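Asks: My questions will all concern the structure given below.
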Amino acid sequence: MINQSREATDREIEEICRVLNQRLGFNYTLQKKYLVQSRLNKRLNDLNLNSYQAYMDLVKQDLGEFNKLVSLVTTNVTSFFREADQFQILRQELLPNILANIKKDNKIRCWSAGCSSGEEAYTLAIVINETLEKGWDLRVLASDISTVKLKEGMAGIYPQERMVRIPQELQGKYFTPLIRNPGYYQVKPGLRDQICFRKLNLVEAMDVPDRIRFDLILCRNVFIYLTPRYQEKAINSFYYYLKDKGYLFLGHSESLNYEDQRWIPLKKSIYRKM
Ligand SMILES: C[S@@+](CC[C@H](N)C(=O)[O-])C[C@H]1O[C@@H](n2cnc3c(N)ncnc32)[C@H](O)[C@@H]1O
């Protein structure tokens, strides 16, 4: 099939942005025209559709296609040990406080919110496993809006080039090379079992079991998408779901409003709930 290049009208782009902004709290504007167009053009070709309007008519009727749209227009860049200094601070400075804050049981509960294809959640679990002695019960909720990325995370299969930041001895301990698929590695079951992948939209009421309170929440490099209003909504959810004295990690370029007195700023975009 010939890959046709279609020009979207400004109105069509505005309609796509409106739907994304309304459903996901994004702040997309006409400035995203070329990004949206370049990401969707192939999809229109695959579906044999002539216009972006026809595509949006389909998106409005078909949740599966809406999910596909979200996966195509979001940027899911991530990596193992991304912004690694935060994991070092976690290991050296914060984990002793987290453990001291766990009173009744030996459960550690963490949440990687906006986990993309899972590297962040797996890194977090590896770092905690490597620091703790045996006997702790660690679980990480890994959530994202993109079903495509969540599936990748669940499979836990990564090409060699995405593994370079994982120290060699940890690669051997937590990953198995795939004989059938040379150059690819899969997360071993013990680590995979600690992570629960789930689709959650951070700007809607979230289906997180109400009895759970987290010791640590990572929401890194997600706020870039959200309007300040929806950022605030997500922050309020994190505040609610964190234990007292729990920690919130944002991306390096992200910060909380300094007027929000509910949080103590530590360093490197890390905050502690009052
Ligand atoms: C750039 S990635 C960051 C991945 C990881 N946290 C990191 O720092 O490496 C941003 C992720 O946020 C997700 N995202 C964007 N808006 C969201 C929303 N409203 N609810 C849940 N996830 C969202 C995107 O699908 C994407 O996978």
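All residue names refer to the structure tokens as shown: chains lettered A, B, ... in order, residues numbered from 1 in each chain, ligands numbered from 1 in order.
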Dump the neighbourhood of ligand 1 as a PyMOL selection string: all residues within 9 Å, distances computed on only C-alpha atoms and all ligand atoms.

Replies: chain A and resi 23-26+70-71+73-83+112-121+143-147+149-150+199-204+218-226+230+234+250-251

Asks: Can you list, as a PyMOL selection string, every protein, DNA or RNA residue that comes within 12 Å of region 210-212 of chain A when you count only C-alpha atoms, leaving out same-chain residues fewer than 4 positions away?

Replies: chain A and resi 107-111+139-141+205-206+216+237-238+240-243

Asks: So which bits of region 34-210 of chain A end up alpha helix (DSSP H) when you DSSP the backbone, as a PyMOL selection string?

Replies: chain A and resi 34-47+52-61+63-73+84-89+95-101+119-131+147-155+168-174+189-192

Asks: Residues as selected, C-alpha atoms, written as a PDB file, in the first residue's frame, can you do that?

Replies:
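Listing of again06.pdb after writing:
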```
ATOM      1  CA  TYR A  34       2.988  18.566  13.313  1.00  0.00           C
ATOM      2  CA  LEU A  35       3.565  16.101  16.114  1.00  0.00           C
ATOM      3  CA  VAL A  36      -0.064  14.918  16.028  1.00  0.00           C
ATOM      4  CA  GLN A  37      -0.152  14.786  12.240  1.00  0.00           C
ATOM      5  CA  SER A  38       3.103  12.895  11.879  1.00  0.00           C
ATOM      6  CA  ARG A  39       2.106  10.344  14.522  1.00  0.00           C
ATOM      7  CA  LEU A  40      -1.399   9.745  13.150  1.00  0.00           C
ATOM      8  CA  ASN A  41      -0.765   9.731   9.414  1.00  0.00           C
ATOM      9  CA  LYS A  42       0.315   6.098   9.308  1.00  0.00           C
ATOM     10  CA  ARG A  43      -2.684   5.057  11.380  1.00  0.00           C
ATOM     11  CA  LEU A  44      -5.012   6.728   8.882  1.00  0.00           C
ATOM     12  CA  ASN A  45      -3.268   4.869   6.088  1.00  0.00           C
ATOM     13  CA  ASP A  46      -3.551   1.549   7.926  1.00  0.00           C
ATOM     14  CA  LEU A  47      -7.262   2.117   8.461  1.00  0.00           C
ATOM     15  CA  TYR A  52      -8.561  13.195  10.355  1.00  0.00           C
ATOM     16  CA  GLN A  53     -12.230  13.997  10.893  1.00  0.00           C
ATOM     17  CA  ALA A  54     -13.165  10.461   9.809  1.00  0.00           C
ATOM     18  CA  TYR A  55     -10.537   9.170  12.216  1.00  0.00           C
ATOM     19  CA  MET A  56     -11.972  11.190  15.105  1.00  0.00           C
ATOM     20  CA  ASP A  57     -15.469   9.927  14.318  1.00  0.00           C
ATOM     21  CA  LEU A  58     -14.085   6.437  14.765  1.00  0.00           C
ATOM     22  CA  VAL A  59     -12.210   7.353  17.981  1.00  0.00           C
ATOM     23  CA  LYS A  60     -15.411   8.668  19.548  1.00  0.00           C
ATOM     24  CA  GLN A  61     -17.227   5.370  18.991  1.00  0.00           C
ATOM     25  CA  LEU A  63     -12.599   2.868  23.035  1.00  0.00           C
ATOM     26  CA  GLY A  64      -9.901   0.607  21.582  1.00  0.00           C
ATOM     27  CA  GLU A  65      -9.135   3.220  18.953  1.00  0.00           C
ATOM     28  CA  PHE A  66      -9.120   5.976  21.584  1.00  0.00           C
ATOM     29  CA  ASN A  67      -6.480   3.971  23.476  1.00  0.00           C
ATOM     30  CA  LYS A  68      -4.516   3.633  20.252  1.00  0.00           C
ATOM     31  CA  LEU A  69      -4.729   7.408  19.694  1.00  0.00           C
ATOM     32  CA  VAL A  70      -3.407   8.037  23.212  1.00  0.00           C
ATOM     33  CA  SER A  71      -0.484   5.690  22.645  1.00  0.00           C
ATOM     34  CA  LEU A  72       0.352   7.378  19.365  1.00  0.00           C
ATOM     35  CA  VAL A  73       0.305  10.972  20.558  1.00  0.00           C
ATOM     36  CA  ALA A  84      19.605   7.694  38.766  1.00  0.00           C
ATOM     37  CA  ASP A  85      20.604  10.065  41.560  1.00  0.00           C
ATOM     38  CA  GLN A  86      17.049   9.843  42.917  1.00  0.00           C
ATOM     39  CA  PHE A  87      17.429   6.070  43.302  1.00  0.00           C
ATOM     40  CA  GLN A  88      20.714   6.600  45.100  1.00  0.00           C
ATOM     41  CA  ILE A  89      19.033   9.019  47.526  1.00  0.00           C
ATOM     42  CA  LEU A  95      14.709   3.740  52.797  1.00  0.00           C
ATOM     43  CA  PRO A  96      15.793   3.672  56.467  1.00  0.00           C
ATOM     44  CA  ASN A  97      13.048   6.255  57.210  1.00  0.00           C
ATOM     45  CA  ILE A  98      10.524   4.314  55.142  1.00  0.00           C
ATOM     46  CA  LEU A  99      11.278   1.132  57.063  1.00  0.00           C
ATOM     47  CA  ALA A 100      11.077   2.961  60.384  1.00  0.00           C
ATOM     48  CA  ASN A 101       7.668   4.293  59.334  1.00  0.00           C
ATOM     49  CA  GLU A 119      11.400   0.372  33.326  1.00  0.00           C
ATOM     50  CA  GLU A 120      10.814   2.803  36.206  1.00  0.00           C
ATOM     51  CA  ALA A 121       8.782   0.301  38.239  1.00  0.00           C
ATOM     52  CA  TYR A 122      11.308  -2.502  37.683  1.00  0.00           C
ATOM     53  CA  THR A 123      14.203  -0.181  38.611  1.00  0.00           C
ATOM     54  CA  LEU A 124      12.433   0.821  41.803  1.00  0.00           C
ATOM     55  CA  ALA A 125      11.810  -2.786  42.782  1.00  0.00           C
ATOM     56  CA  ILE A 126      15.404  -3.791  41.986  1.00  0.00           C
ATOM     57  CA  VAL A 127      16.815  -0.943  44.083  1.00  0.00           C
ATOM     58  CA  ILE A 128      14.587  -1.770  47.037  1.00  0.00           C
ATOM     59  CA  ASN A 129      15.237  -5.521  46.785  1.00  0.00           C
ATOM     60  CA  GLU A 130      18.967  -4.891  46.654  1.00  0.00           C
ATOM     61  CA  THR A 131      18.863  -2.687  49.755  1.00  0.00           C
ATOM     62  CA  THR A 147      -2.533   0.266  27.162  1.00  0.00           C
ATOM     63  CA  VAL A 148       0.166  -0.395  24.561  1.00  0.00           C
ATOM     64  CA  LYS A 149       2.923   0.606  26.996  1.00  0.00           C
ATOM     65  CA  LEU A 150       1.325  -1.312  29.863  1.00  0.00           C
ATOM     66  CA  LYS A 151       1.368  -4.484  27.769  1.00  0.00           C
ATOM     67  CA  GLU A 152       5.084  -3.990  27.117  1.00  0.00           C
ATOM     68  CA  GLY A 153       5.653  -3.543  30.842  1.00  0.00           C
ATOM     69  CA  MET A 154       3.680  -6.655  31.683  1.00  0.00           C
ATOM     70  CA  ALA A 155       5.644  -8.721  29.180  1.00  0.00           C
ATOM     71  CA  GLN A 168      25.940  -6.128  34.782  1.00  0.00           C
ATOM     72  CA  GLU A 169      25.507  -8.206  37.944  1.00  0.00           C
ATOM     73  CA  LEU A 170      21.892  -7.021  38.297  1.00  0.00           C
ATOM     74  CA  GLN A 171      21.165  -7.919  34.661  1.00  0.00           C
ATOM     75  CA  GLY A 172      22.193 -11.495  35.432  1.00  0.00           C
ATOM     76  CA  LYS A 173      20.237 -11.582  38.658  1.00  0.00           C
ATOM     77  CA  TYR A 174      16.931 -10.140  37.427  1.00  0.00           C
ATOM     78  CA  PRO A 189       9.268 -14.039  37.424  1.00  0.00           C
ATOM     79  CA  GLY A 190      10.285 -13.168  41.020  1.00  0.00           C
ATOM     80  CA  LEU A 191      10.688  -9.503  40.080  1.00  0.00           C
ATOM     81  CA  ARG A 192       7.729  -9.475  37.713  1.00  0.00           C
TER      82      ARG A 192
END
```

Asks: Determine which residues of region 70-263 of chain A receive a DSSP assignment of strand (DSSP E), computed from the backbone, and state them as a PyMOL selection string.

Replies: chain A and resi 107-113+137-144+157-159+175-177+184-187+195-199+214-219+242-250+263

Asks: Excluding same-chain residues fewer than 6 positions from Leu256 (chain A), what lies within 12 Å of it counting only C-alpha atoms, as a PyMOL selection string?

Replies: chain A and resi 219+223+228+231-232+234-236+239+248-250+262-266+268-273

Asks: List the spatial neighbours of Leu30 (chain A) as a ChimeraX atom specification - criterion: any atom at most 8 Å away, only C-alpha atoms, same-chain residues fewer than 6 positions off excluded.

Replies: /A:10,13-14,17

Asks: In Å, how far is it from CA of Glu12 (chain A) to CA of Lys33 (chain A)?

Replies: 9.5 Å
